[in-house]
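Chemist: Structure below; questions to follow.
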Number of protein chains: 2
Amino acid sequence: MKRITIYDVAKEADVSLATVSRVINDSNVVREDTRNRVQEAIEKLGYKPNAIAQGLALSKTTTISIVMSEKLLAYNTKILNGLMDVAKIYNYNIMFHTTSKGISKMQDVIESIIKSRVDGVILFNDNFTEDEMEVLHEYQIPMVVVGARFEGKKDENVGNVYVDFERLAYDLVRDLIEQGVDDITLMEDRLNLSMMKQLKKGIEKAFEDAGKNFEGYISYGDGYKSSYAFFKDYFKDHKPAKFNMAFRDSQAIAVMNAAAEAGFHSPEDLQIVSVLDSKYLNMVRPRISSYNIPEYDMGAISMRLLTKMLVSDRDQDENRNIEISYTPIPRDTTKEELFY
Amino acid sequence: MKRITIYDVAKEADVSLATVSRVINDSNVVREDTRNRVQEAIEKLGYKPNAIAQGLALSKTTTISIVMSEKLLAYNTKILNGLMDVAKIYNYNIMFHTTSKGISKMQDVIESIIKSRVDGVILFNDNFTEDEMEVLHEYQIPMVVVGARFEGKKDENVGNVYVDFERLAYDLVRDLIEQGVDDITLMEDRLNLSMMKQLKKGIEKAFEDAGKNFEGYISYGDGYKSSYAFFKDYFKDHKPAKFNMAFRDSQAIAVMNAAAEAGFHSPEDLQIVSVLDSKYLNMVRPRISSYNIPEYDMGAISMRLLTKMLVSDRDQDENRNIEISYTPIPRDTTKEELFY
DNA sequence: TTGTAAGCGTTATCAA
DNA sequence: TTGATAACGCTTACAA
């Protein structure tokens with residue numbers, strides 16, 4: 001079956017293809033009755049404009065690339081939904097790219113982004129290097145980095161929507177120290193080293209400001225299983241730290257379970273906070289405290305920012321760096337006076 | 001900055017654009033030294049072929065659409081990763097579409113799929129209607145439906161990669177009844193009504209075969225919160241069913257928590273199975289039994305099937321319906337003799 | 001208000 | 001082995 005083109009519609013409606021083009025683009029210079037005639041022809045033939053040809057003619061694809069690491073995908077579905085919804089509102093299509101160790105390196109992803117001539121890119125702040133960014137930069141593809149603070153080179157073509165994890169950690173730990181708690185542990189999250197670095201920096205600064213030295217950074221394998229195994233072993237001859245900071249739910253649950261099975265209970269023996277919230281923190285017993293970070297909104301805001309960047313005159317200097325606020329969610333694993 | 005085109009490269013290398021096209025497409029009819037000359041020009045100018053123009057010229061976009069409901073996204077990241085990896089291997093780009101109640105209806109998504117002239121579509125078996133499918137059908141876009149069995153119209157353009165949830169439920173319940181357990185509950189999952197229906201059908205069949213009638217279908221609101229609230233209330237004046245089947249982790253955890261807080265403990269007072277596995281089932285106490293369904297593989301297989309369909313001569317009758325097997329994962333919430 | 005024709009950046013056919 | 005040139009399906013001056 002031959003694909004219907006604009007020519008077929010033109011012939012059917014007995015007009016030129018220019019006129020057809022005008023009606024599908026809602027140009028208002030076309031007379032009512034010819035518009036109707038064209039519409040009928042479109043309906044009758046089931047014509048759908050070829051977006052590829054439009055893209056070529058307009059040098060504009062109305063599609064945006066989103067790139068995220070495979071590992072992180074499971075933790076960022078809310079942000080993704082925010083991105084998707086706003087993209088939909090502005091009628092952008094989404095090209096979705098994932099990066100992973102073996103199979104799809106950042107380099108290849110960027111290559112295919114450039115080739116597909118997308119109008120813009122959303123990047124999850126993750127383990128991409130500045131060199132890799134550089135390429136997108138050269139090709140002047142507008143992009144916004146979402147997640148943590150982006151430290152790389154910036155100009156009017158790059159935006160950043162982020163949570164200030166460094167400050168979050170700093171504020172919390174400063175308060176803890178003020179209250180006399182300095183037995184603090186930060187559990188490494190290898191999925192998210194860039195955010196880890198910022199948390200660590202914040203904690204170290206708080207310790208430094210109190211004239212102390214932070215030595216509670218614990219590093220072990222990936223995922224729940226290895227964290228759990230680590231702590232099962234660890235608690236054989238160690239007591240838990242008074243205050244335990246994890247980045248994600250599974251780590252927090254891992255310490256909690258291992259501790260409980262070693263006879264240490266939260267919050268009396270150890271307090272626990274997961275920085276990222278998840279519904280599962282509310283399902284385990286005791287319920288684990290965390291921070292509320294409006295993830296869906298982060299996605300929505302990021303996409304909105306990008307669409308703004310795509311239409312705005314370059315000199316217009318709106319703010320391309322948007323900080324997202326967070327609020328503590330105290331549950332059972334923290335004491336009231338320390339986490340609120 | 002003007003975008004570099006094939007003409008620029010041709011001029012730089014002092015050849016015709018046809019020759020440049022040949023070298024970027026690895027045509028082997030081009031002489032070694034001119035190939036090198038062209039390659040150098042490409043490097044020098046940083047030329048990247050315009051995939052849009054290629055798509056137009058070839059009537060082939062080498063991109064595939066994936067469509068999934070927003071609600072389900074969080075539960076299907078593994079399948080998605082499987083899809084992405086295989087797409088990457090075959091060099092397909094991915095257009096990602098989500099559907100949701102208000103903002104992006106299936107209809108619009110299909111519209112944009114047709115317009116963007118993707119080569120094929122992966123659909124998560126969900127709440128799309130046959131009418132909606134019909135459109136893709138008319139436009140002869142190859143597609144594979146992944147998840148549950150697809151009941152709609154099929155021809156050589158549609159494949160299906162699925163788990164036979166009806167049989168899963170049937171087998172389990174038949175065994176249970178044989179062992180004398182017929183006090184069984186199935187908790188509705190509104191996120192996934194098509195799978196629910198199949199589970200229910202399987203259970204009913206098993207009851208029917210035993211000359212009994214299944215009346216244990218429980219329907220309540222969405223998500224953990226409402227399930228938990230429902231059971232908190234329910235257990236005030238009801239005892240839990242002997243055997244409780246949930247579709248996802250949060251529902252299973254909801255019954256378990258509510259029951260525990262009402263003084264009923266698993267597995268003695270109530271056995272619990274979540275059909276879909278998740279790591280969280282292993283993190284709660286007691287650990288909840290489930291089924292192992294190779295989700296990543298389902299994605300990988302689906303994408304592989306689609307790519308096959310895209311290249312194969314239509315008459316070639318390979319199997320386009322692939323059943324995925326599952327195995328029980330007994331944990332703490334089931335008794336050994338009943339779930340293995 | 002409508003039509004003609006050039007252009008978007010490729011690939012592919014045909015000649016040279 | 002290379003080069004002209006006609007598609008591919010659309011948008012958009014410019015002319016009528």
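Each chain in the structure tokens gets a letter, A, B, ..., in the order shown, and its residues are numbered from 1; ligands are numbered from 1 in order too.
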Skip Thr61 of chain B itself and residues of its chain fewer than 6 positions away, then list as a ChimeraX atom specification all residues within 8 Å of it, counting only C-alpha atoms (C1' of nucleotides).
Modeler: /B:51-52,54-55,117-119
Chemist: Could you please tell me, as an MDAnalysis selection string, which residues of chain A have an atom within 9 Å of chain B when using only C-alpha atoms?
Modeler: chainID A and resid 1 3 48:53 55:56 61 65 70:71 73:78 81 84:85 88:89 93:98 100 103:104 111:112 114:117 139:140 224 250 253:254 257 279:280 283:285
Chemist: Could you turn the residues from that selection into a file that holds C-alpha atoms, as a PDB file, in the first residue's frame?
Modeler:
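Output contents, as saved in out_6.pdb:
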```pdb
ATOM      1  CA  MET A   1       0.000   0.000   0.000  1.00  0.00           C
ATOM      2  CA  ARG A   3       1.825   5.866   1.598  1.00  0.00           C
ATOM      3  CA  LYS A  48      -0.868  11.990   8.091  1.00  0.00           C
ATOM      4  CA  PRO A  49       1.879  14.504   7.402  1.00  0.00           C
ATOM      5  CA  ASN A  50       5.335  12.979   7.301  1.00  0.00           C
ATOM      6  CA  ALA A  51       7.204  14.414  10.256  1.00  0.00           C
ATOM      7  CA  ILE A  52      10.512  13.465   8.718  1.00  0.00           C
ATOM      8  CA  ALA A  53       9.895  15.547   5.638  1.00  0.00           C
ATOM      9  CA  GLY A  55      11.770  18.088   9.878  1.00  0.00           C
ATOM     10  CA  LEU A  56      13.925  18.347   6.839  1.00  0.00           C
ATOM     11  CA  THR A  61      12.480  18.051  14.455  1.00  0.00           C
ATOM     12  CA  SER A  65      16.532  13.619  23.560  1.00  0.00           C
ATOM     13  CA  GLU A  70      20.300   2.297  32.779  1.00  0.00           C
ATOM     14  CA  LYS A  71      21.112   1.792  36.408  1.00  0.00           C
ATOM     15  CA  LEU A  73      16.295   4.445  35.378  1.00  0.00           C
ATOM     16  CA  ALA A  74      14.517   2.570  38.135  1.00  0.00           C
ATOM     17  CA  TYR A  75      15.036   5.463  40.542  1.00  0.00           C
ATOM     18  CA  ASN A  76      14.004   8.245  38.244  1.00  0.00           C
ATOM     19  CA  THR A  77      10.671   7.257  36.847  1.00  0.00           C
ATOM     20  CA  LYS A  78       8.973  10.195  38.507  1.00  0.00           C
ATOM     21  CA  ASN A  81       7.086  11.261  33.965  1.00  0.00           C
ATOM     22  CA  MET A  84       7.235  13.387  29.437  1.00  0.00           C
ATOM     23  CA  ASP A  85       4.124  15.264  30.474  1.00  0.00           C
ATOM     24  CA  LYS A  88       3.645  16.311  25.520  1.00  0.00           C
ATOM     25  CA  ILE A  89       2.118  19.649  26.352  1.00  0.00           C
ATOM     26  CA  ASN A  93       8.537  13.969  20.770  1.00  0.00           C
ATOM     27  CA  ILE A  94      11.029  12.201  22.949  1.00  0.00           C
ATOM     28  CA  MET A  95      14.037  10.225  21.846  1.00  0.00           C
ATOM     29  CA  PHE A  96      15.091   8.128  24.752  1.00  0.00           C
ATOM     30  CA  HIS A  97      18.667   7.001  25.269  1.00  0.00           C
ATOM     31  CA  THR A  98      20.160   4.936  28.020  1.00  0.00           C
ATOM     32  CA  SER A 100      25.376   1.502  30.321  1.00  0.00           C
ATOM     33  CA  ILE A 103      26.610  -1.889  25.581  1.00  0.00           C
ATOM     34  CA  SER A 104      25.999   1.770  25.026  1.00  0.00           C
ATOM     35  CA  GLU A 111      26.812  10.591  18.248  1.00  0.00           C
ATOM     36  CA  SER A 112      23.282   9.469  17.591  1.00  0.00           C
ATOM     37  CA  ILE A 114      23.802  14.772  16.885  1.00  0.00           C
ATOM     38  CA  LYS A 115      22.840  12.763  13.859  1.00  0.00           C
ATOM     39  CA  SER A 116      19.184  12.771  14.666  1.00  0.00           C
ATOM     40  CA  ARG A 117      19.145  16.562  14.842  1.00  0.00           C
ATOM     41  CA  TYR A 139      27.320  21.399  18.064  1.00  0.00           C
ATOM     42  CA  GLN A 140      25.440  24.021  20.029  1.00  0.00           C
ATOM     43  CA  TYR A 224      20.790  -4.088  48.801  1.00  0.00           C
ATOM     44  CA  SER A 250      17.604   0.015  49.759  1.00  0.00           C
ATOM     45  CA  ILE A 253      16.706  -0.655  54.700  1.00  0.00           C
ATOM     46  CA  ALA A 254      19.878  -2.716  54.551  1.00  0.00           C
ATOM     47  CA  ASN A 257      17.583  -4.881  58.834  1.00  0.00           C
ATOM     48  CA  LYS A 279       7.135   4.638  49.083  1.00  0.00           C
ATOM     49  CA  TYR A 280       8.940   1.605  50.426  1.00  0.00           C
ATOM     50  CA  MET A 283       6.209   0.180  54.142  1.00  0.00           C
ATOM     51  CA  VAL A 284       9.032  -1.188  56.217  1.00  0.00           C
ATOM     52  CA  ARG A 285       8.897  -1.291  59.997  1.00  0.00           C
TER      53      ARG A 285
END
```
Chemist: Please determine the contact residues of chain C with respect to chain A at a cut-off of 7 Å, counting only C-alpha atoms (C1' of nucleotides), and supply them as a short mmCIF file (atom, residue, chain, number, x, y, z; two decimals) with all heavy atoms, in the first residue's frame.
Modeler:
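Output file iface-v8.cif is given in full below:
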```cif
data_model
loop_
_atom_site.label_atom_id
_atom_site.label_comp_id
_atom_site.auth_asym_id
_atom_site.auth_seq_id
_atom_site.Cartn_x
_atom_site.Cartn_y
_atom_site.Cartn_z
P DT C 1 -8.33 35.35 2.65
OP1 DT C 1 -9.34 34.60 3.42
OP2 DT C 1 -7.01 35.60 3.18
"O5'" DT C 1 -8.12 34.58 1.26
"C5'" DT C 1 -9.21 34.11 0.52
"C4'" DT C 1 -8.64 33.45 -0.68
"O4'" DT C 1 -7.55 34.29 -1.17
"C3'" DT C 1 -8.02 32.08 -0.43
"O3'" DT C 1 -8.72 31.15 -1.24
"C2'" DT C 1 -6.56 32.21 -0.84
"C1'" DT C 1 -6.57 33.45 -1.72
N1 DT C 1 -5.30 34.25 -1.71
C2 DT C 1 -4.52 34.30 -2.85
O2 DT C 1 -4.81 33.71 -3.87
N3 DT C 1 -3.39 35.08 -2.75
C4 DT C 1 -2.98 35.80 -1.65
O4 DT C 1 -1.94 36.46 -1.68
C5 DT C 1 -3.82 35.71 -0.50
C7 DT C 1 -3.48 36.45 0.76
C6 DT C 1 -4.94 34.94 -0.56
P DG C 3 -4.64 26.20 -5.96
OP1 DG C 3 -5.43 25.40 -6.94
OP2 DG C 3 -4.27 25.62 -4.66
"O5'" DG C 3 -3.33 26.70 -6.71
"C5'" DG C 3 -3.48 27.44 -7.90
"C4'" DG C 3 -2.13 27.80 -8.46
"O4'" DG C 3 -1.46 28.70 -7.52
"C3'" DG C 3 -1.18 26.61 -8.63
"O3'" DG C 3 -0.52 26.76 -9.88
"C2'" DG C 3 -0.21 26.74 -7.46
"C1'" DG C 3 -0.15 28.24 -7.26
N9 DG C 3 0.16 28.68 -5.91
C8 DG C 3 -0.51 28.34 -4.77
N7 DG C 3 -0.01 28.91 -3.70
C5 DG C 3 1.05 29.65 -4.17
C6 DG C 3 1.96 30.47 -3.47
O6 DG C 3 2.00 30.72 -2.27
N1 DG C 3 2.90 31.04 -4.33
C2 DG C 3 2.94 30.85 -5.68
N2 DG C 3 3.91 31.47 -6.34
N3 DG C 3 2.09 30.09 -6.35
C4 DG C 3 1.18 29.52 -5.53
P DC C 8 19.02 24.94 1.18
OP1 DC C 8 19.71 26.06 1.84
OP2 DC C 8 19.67 24.16 0.11
"O5'" DC C 8 18.61 23.89 2.30
"C5'" DC C 8 17.69 24.21 3.34
"C4'" DC C 8 17.18 22.91 3.89
"O4'" DC C 8 16.09 22.47 3.06
"C3'" DC C 8 18.19 21.77 3.80
"O3'" DC C 8 18.92 21.71 5.01
"C2'" DC C 8 17.31 20.54 3.62
"C1'" DC C 8 15.96 21.07 3.19
N1 DC C 8 15.45 20.56 1.90
C2 DC C 8 14.16 20.04 1.84
O2 DC C 8 13.49 20.01 2.86
N3 DC C 8 13.70 19.55 0.65
C4 DC C 8 14.48 19.61 -0.44
N4 DC C 8 13.98 19.13 -1.58
C5 DC C 8 15.80 20.15 -0.39
C6 DC C 8 16.23 20.61 0.78
#
```
Chemist: Run DSSP on the backbone of this structure and report the residues of segment 115-256 of chain A it assigns to strand (DSSP E or B), as an NGL selection string.
Modeler: :A and (120-124 or 143-147 or 158-163 or 184-187 or 217-218 or 243-246)
Chemist: Which residues in segment 21-138 of chain B does DSSP call alpha helix (DSSP H)? List them as a PyMOL selection string.
Modeler: chain B and resi 21-24+32-45+51-58+70-73+77-89+106-115+130-138
Chemist: Quick one: contact table of chain D to chain B, 7 Å max, nearest atom pair and distance in Å to one decimal per residue, counting only C-alpha atoms (C1' of nucleotides), chain and number order, as a Markdown table?
Modeler:
```
| residue | atom | partner | partner_atom | distance |
| --- | --- | --- | --- | --- |
| D:DT1 | C1' | B:Val30 | CA | 6.1 |
| D:DG3 | C1' | B:Ser16 | CA | 6.1 |
| D:DC8 | C1' | B:Ala57 | CA | 4.5 |
```
Chemist: If we count only C-alpha atoms (C1' of nucleotides) and set the cut-off at 10 Å, which residues sit around Asp126 of chain A, ignoring sequence neighbours fewer than 2 positions away in its own chain? Please answer as a PyMOL selection string.
Modeler: chain A and resi 67-69+72+123-124+128-129+145-148+150+191-195
Chemist: In Å, rounded to a single decimal, give me how far atom CA of Ala210 of chain B is from atom CA of Glu178 of chain B.
Modeler: 8.6 Å
Chemist: Excluding Ala262 of chain B and any residue of its chain fewer than 5 positions from it, enumerate the residues within 9 Å of it, using only C-alpha atoms (C1' of nucleotides), and give them as a PyMOL selection string.
Modeler: chain B and resi 232+235-236+257
Chemist: Quick one, how far is atom CA of Ser266 of chain A from atom CA of Ser289 of chain A?
Modeler: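 Interatomic distance, atom CA of Ser266 of chain A to atom CA of Ser289 of chain A: 10.8 Å.
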Chemist: Report as a PyMOL selection string all protein, DNA and RNA residues lying within 8 Å of Glu130 of chain A, evaluated on only C-alpha atoms (C1' of nucleotides), omitting residues in the same chain fewer than 2 positions from it.
Modeler: chain A and resi 128+132-134+152-153
Chemist: Please provide the set of residues having any atom within 12 Å of Gly221 of chain B, restricted to only C-alpha atoms (C1' of nucleotides), with same-chain residues fewer than 6 positions apart removed, written as a PyMOL selection string.
Modeler: chain B and resi 187-191+227-231+251
Chemist: Store the residues picked out above, limited to N, CA, C and O atoms, as a PDB file, in the first residue's frame.
Modeler:
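Resulting contents of out.pdb:
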```
ATOM      1  N   MET B 187      -6.241  -9.898  45.191  1.00  0.00           N
ATOM      2  CA  MET B 187      -6.418  -8.453  45.368  1.00  0.00           C
ATOM      3  C   MET B 187      -6.326  -7.747  44.036  1.00  0.00           C
ATOM      4  O   MET B 187      -5.371  -7.929  43.301  1.00  0.00           O
ATOM      5  N   GLU B 188      -7.281  -6.947  43.781  1.00  0.00           N
ATOM      6  CA  GLU B 188      -7.298  -6.227  42.510  1.00  0.00           C
ATOM      7  C   GLU B 188      -6.122  -5.268  42.386  1.00  0.00           C
ATOM      8  O   GLU B 188      -5.708  -4.637  43.350  1.00  0.00           O
ATOM      9  N   ASP B 189      -5.591  -5.177  41.181  1.00  0.00           N
ATOM     10  CA  ASP B 189      -4.581  -4.160  40.895  1.00  0.00           C
ATOM     11  C   ASP B 189      -5.094  -3.309  39.743  1.00  0.00           C
ATOM     12  O   ASP B 189      -5.105  -3.729  38.595  1.00  0.00           O
ATOM     13  N   ARG B 190      -5.502  -2.118  40.064  1.00  0.00           N
ATOM     14  CA  ARG B 190      -6.113  -1.281  39.036  1.00  0.00           C
ATOM     15  C   ARG B 190      -5.123  -0.781  38.015  1.00  0.00           C
ATOM     16  O   ARG B 190      -5.493  -0.326  36.943  1.00  0.00           O
ATOM     17  N   LEU B 191      -3.857  -0.841  38.361  1.00  0.00           N
ATOM     18  CA  LEU B 191      -2.844  -0.429  37.409  1.00  0.00           C
ATOM     19  C   LEU B 191      -2.788  -1.386  36.239  1.00  0.00           C
ATOM     20  O   LEU B 191      -2.279  -1.064  35.183  1.00  0.00           O
ATOM     21  N   SER B 227      -4.623   0.354  49.930  1.00  0.00           N
ATOM     22  CA  SER B 227      -4.696  -1.072  50.255  1.00  0.00           C
ATOM     23  C   SER B 227      -4.498  -1.268  51.755  1.00  0.00           C
ATOM     24  O   SER B 227      -5.221  -2.014  52.405  1.00  0.00           O
ATOM     25  N   TYR B 228      -3.506  -0.584  52.269  1.00  0.00           N
ATOM     26  CA  TYR B 228      -3.191  -0.696  53.688  1.00  0.00           C
ATOM     27  C   TYR B 228      -4.381  -0.234  54.532  1.00  0.00           C
ATOM     28  O   TYR B 228      -4.811  -0.923  55.465  1.00  0.00           O
ATOM     29  N   ALA B 229      -4.922   0.904  54.162  1.00  0.00           N
ATOM     30  CA  ALA B 229      -6.080   1.426  54.884  1.00  0.00           C
ATOM     31  C   ALA B 229      -7.245   0.439  54.813  1.00  0.00           C
ATOM     32  O   ALA B 229      -7.903   0.150  55.817  1.00  0.00           O
ATOM     33  N   PHE B 230      -7.450  -0.088  53.633  1.00  0.00           N
ATOM     34  CA  PHE B 230      -8.534  -1.042  53.445  1.00  0.00           C
ATOM     35  C   PHE B 230      -8.379  -2.241  54.379  1.00  0.00           C
ATOM     36  O   PHE B 230      -9.316  -2.625  55.092  1.00  0.00           O
ATOM     37  N   PHE B 231      -7.195  -2.795  54.408  1.00  0.00           N
ATOM     38  CA  PHE B 231      -6.995  -4.005  55.221  1.00  0.00           C
ATOM     39  C   PHE B 231      -6.969  -3.705  56.714  1.00  0.00           C
ATOM     40  O   PHE B 231      -7.393  -4.527  57.525  1.00  0.00           O
ATOM     41  N   GLN B 251       1.008  -4.187  47.212  1.00  0.00           N
ATOM     42  CA  GLN B 251      -0.231  -4.773  47.733  1.00  0.00           C
ATOM     43  C   GLN B 251       0.061  -5.887  48.719  1.00  0.00           C
ATOM     44  O   GLN B 251      -0.591  -6.023  49.758  1.00  0.00           O
TER      45      GLN B 251
END
```
Chemist: Could you check how far atom CA of Tyr217 of chain B sits from atom CA of Glu268 of chain B, in Å to one decimal?
Modeler: 21.5 Å
Chemist: Quick one: everything within 10 Å of DT13 of chain C, counting only C-alpha atoms (C1' of nucleotides), minus sequence neighbours fewer than 4 positions away in the same chain. Send it as a list in words.
Modeler: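 Returned residues: DT5, DA6 and DA7 of chain D.
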Chemist: Next, the residues of the selection above should be written as a PDB file, in the first residue's frame with all heavy atoms.
Modeler:
```
ATOM      1  P    DT D   5      23.344  17.437 -14.383  1.00  0.00           P
ATOM      2  OP1  DT D   5      22.938  17.628 -15.791  1.00  0.00           O
ATOM      3  OP2  DT D   5      23.597  18.594 -13.499  1.00  0.00           O
ATOM      4  O5'  DT D   5      22.262  16.480 -13.691  1.00  0.00           O
ATOM      5  C5'  DT D   5      21.914  15.259 -14.329  1.00  0.00           C
ATOM      6  C4'  DT D   5      20.773  14.602 -13.593  1.00  0.00           C
ATOM      7  O4'  DT D   5      21.264  13.824 -12.476  1.00  0.00           O
ATOM      8  C3'  DT D   5      19.757  15.580 -12.994  1.00  0.00           C
ATOM      9  O3'  DT D   5      18.484  14.981 -13.118  1.00  0.00           O
ATOM     10  C2'  DT D   5      20.177  15.646 -11.543  1.00  0.00           C
ATOM     11  C1'  DT D   5      20.529  14.181 -11.325  1.00  0.00           C
ATOM     12  N1   DT D   5      21.344  13.845 -10.145  1.00  0.00           N
ATOM     13  C2   DT D   5      21.200  12.611  -9.578  1.00  0.00           C
ATOM     14  O2   DT D   5      20.437  11.772 -10.008  1.00  0.00           O
ATOM     15  N3   DT D   5      21.994  12.385  -8.490  1.00  0.00           N
ATOM     16  C4   DT D   5      22.897  13.252  -7.912  1.00  0.00           C
ATOM     17  O4   DT D   5      23.547  12.929  -6.948  1.00  0.00           O
ATOM     18  C5   DT D   5      23.004  14.542  -8.564  1.00  0.00           C
ATOM     19  C7   DT D   5      23.940  15.548  -8.022  1.00  0.00           C
ATOM     20  C6   DT D   5      22.231  14.773  -9.622  1.00  0.00           C
ATOM     21  P    DA D   6      17.203  15.871 -13.175  1.00  0.00           P
ATOM     22  OP1  DA D   6      16.986  16.258 -14.575  1.00  0.00           O
ATOM     23  OP2  DA D   6      17.324  16.899 -12.125  1.00  0.00           O
ATOM     24  O5'  DA D   6      16.068  14.827 -12.754  1.00  0.00           O
ATOM     25  C5'  DA D   6      16.111  13.504 -13.281  1.00  0.00           C
ATOM     26  C4'  DA D   6      15.693  12.501 -12.213  1.00  0.00           C
ATOM     27  O4'  DA D   6      16.713  12.433 -11.180  1.00  0.00           O
ATOM     28  C3'  DA D   6      14.393  12.861 -11.497  1.00  0.00           C
ATOM     29  O3'  DA D   6      13.684  11.664 -11.267  1.00  0.00           O
ATOM     30  C2'  DA D   6      14.874  13.493 -10.202  1.00  0.00           C
ATOM     31  C1'  DA D   6      16.104  12.643  -9.919  1.00  0.00           C
ATOM     32  N9   DA D   6      17.098  13.241  -9.034  1.00  0.00           N
ATOM     33  C8   DA D   6      17.616  14.507  -9.109  1.00  0.00           C
ATOM     34  N7   DA D   6      18.509  14.762  -8.175  1.00  0.00           N
ATOM     35  C5   DA D   6      18.583  13.588  -7.453  1.00  0.00           C
ATOM     36  C6   DA D   6      19.356  13.215  -6.329  1.00  0.00           C
ATOM     37  N6   DA D   6      20.232  14.021  -5.738  1.00  0.00           N
ATOM     38  N1   DA D   6      19.189  11.969  -5.845  1.00  0.00           N
ATOM     39  C2   DA D   6      18.304  11.171  -6.457  1.00  0.00           C
ATOM     40  N3   DA D   6      17.527  11.402  -7.518  1.00  0.00           N
ATOM     41  C4   DA D   6      17.719  12.646  -7.967  1.00  0.00           C
ATOM     42  P    DA D   7      12.159  11.706 -10.819  1.00  0.00           P
ATOM     43  OP1  DA D   7      11.714  10.306 -10.497  1.00  0.00           O
ATOM     44  OP2  DA D   7      11.463  12.498 -11.826  1.00  0.00           O
ATOM     45  O5'  DA D   7      12.231  12.595  -9.486  1.00  0.00           O
ATOM     46  C5'  DA D   7      11.399  12.266  -8.389  1.00  0.00           C
ATOM     47  C4'  DA D   7      11.931  11.072  -7.622  1.00  0.00           C
ATOM     48  O4'  DA D   7      13.363  11.221  -7.441  1.00  0.00           O
ATOM     49  C3'  DA D   7      11.295  11.009  -6.246  1.00  0.00           C
ATOM     50  O3'  DA D   7      10.803   9.736  -5.993  1.00  0.00           O
ATOM     51  C2'  DA D   7      12.408  11.422  -5.284  1.00  0.00           C
ATOM     52  C1'  DA D   7      13.686  11.260  -6.071  1.00  0.00           C
ATOM     53  N9   DA D   7      14.547  12.404  -5.813  1.00  0.00           N
ATOM     54  C8   DA D   7      14.571  13.608  -6.485  1.00  0.00           C
ATOM     55  N7   DA D   7      15.475  14.458  -6.018  1.00  0.00           N
ATOM     56  C5   DA D   7      16.084  13.752  -4.980  1.00  0.00           C
ATOM     57  C6   DA D   7      17.119  14.085  -4.081  1.00  0.00           C
ATOM     58  N6   DA D   7      17.742  15.269  -4.097  1.00  0.00           N
ATOM     59  N1   DA D   7      17.478  13.170  -3.169  1.00  0.00           N
ATOM     60  C2   DA D   7      16.849  11.994  -3.163  1.00  0.00           C
ATOM     61  N3   DA D   7      15.870  11.555  -3.945  1.00  0.00           N
ATOM     62  C4   DA D   7      15.530  12.498  -4.843  1.00  0.00           C
TER      63       DA D   7
END
```
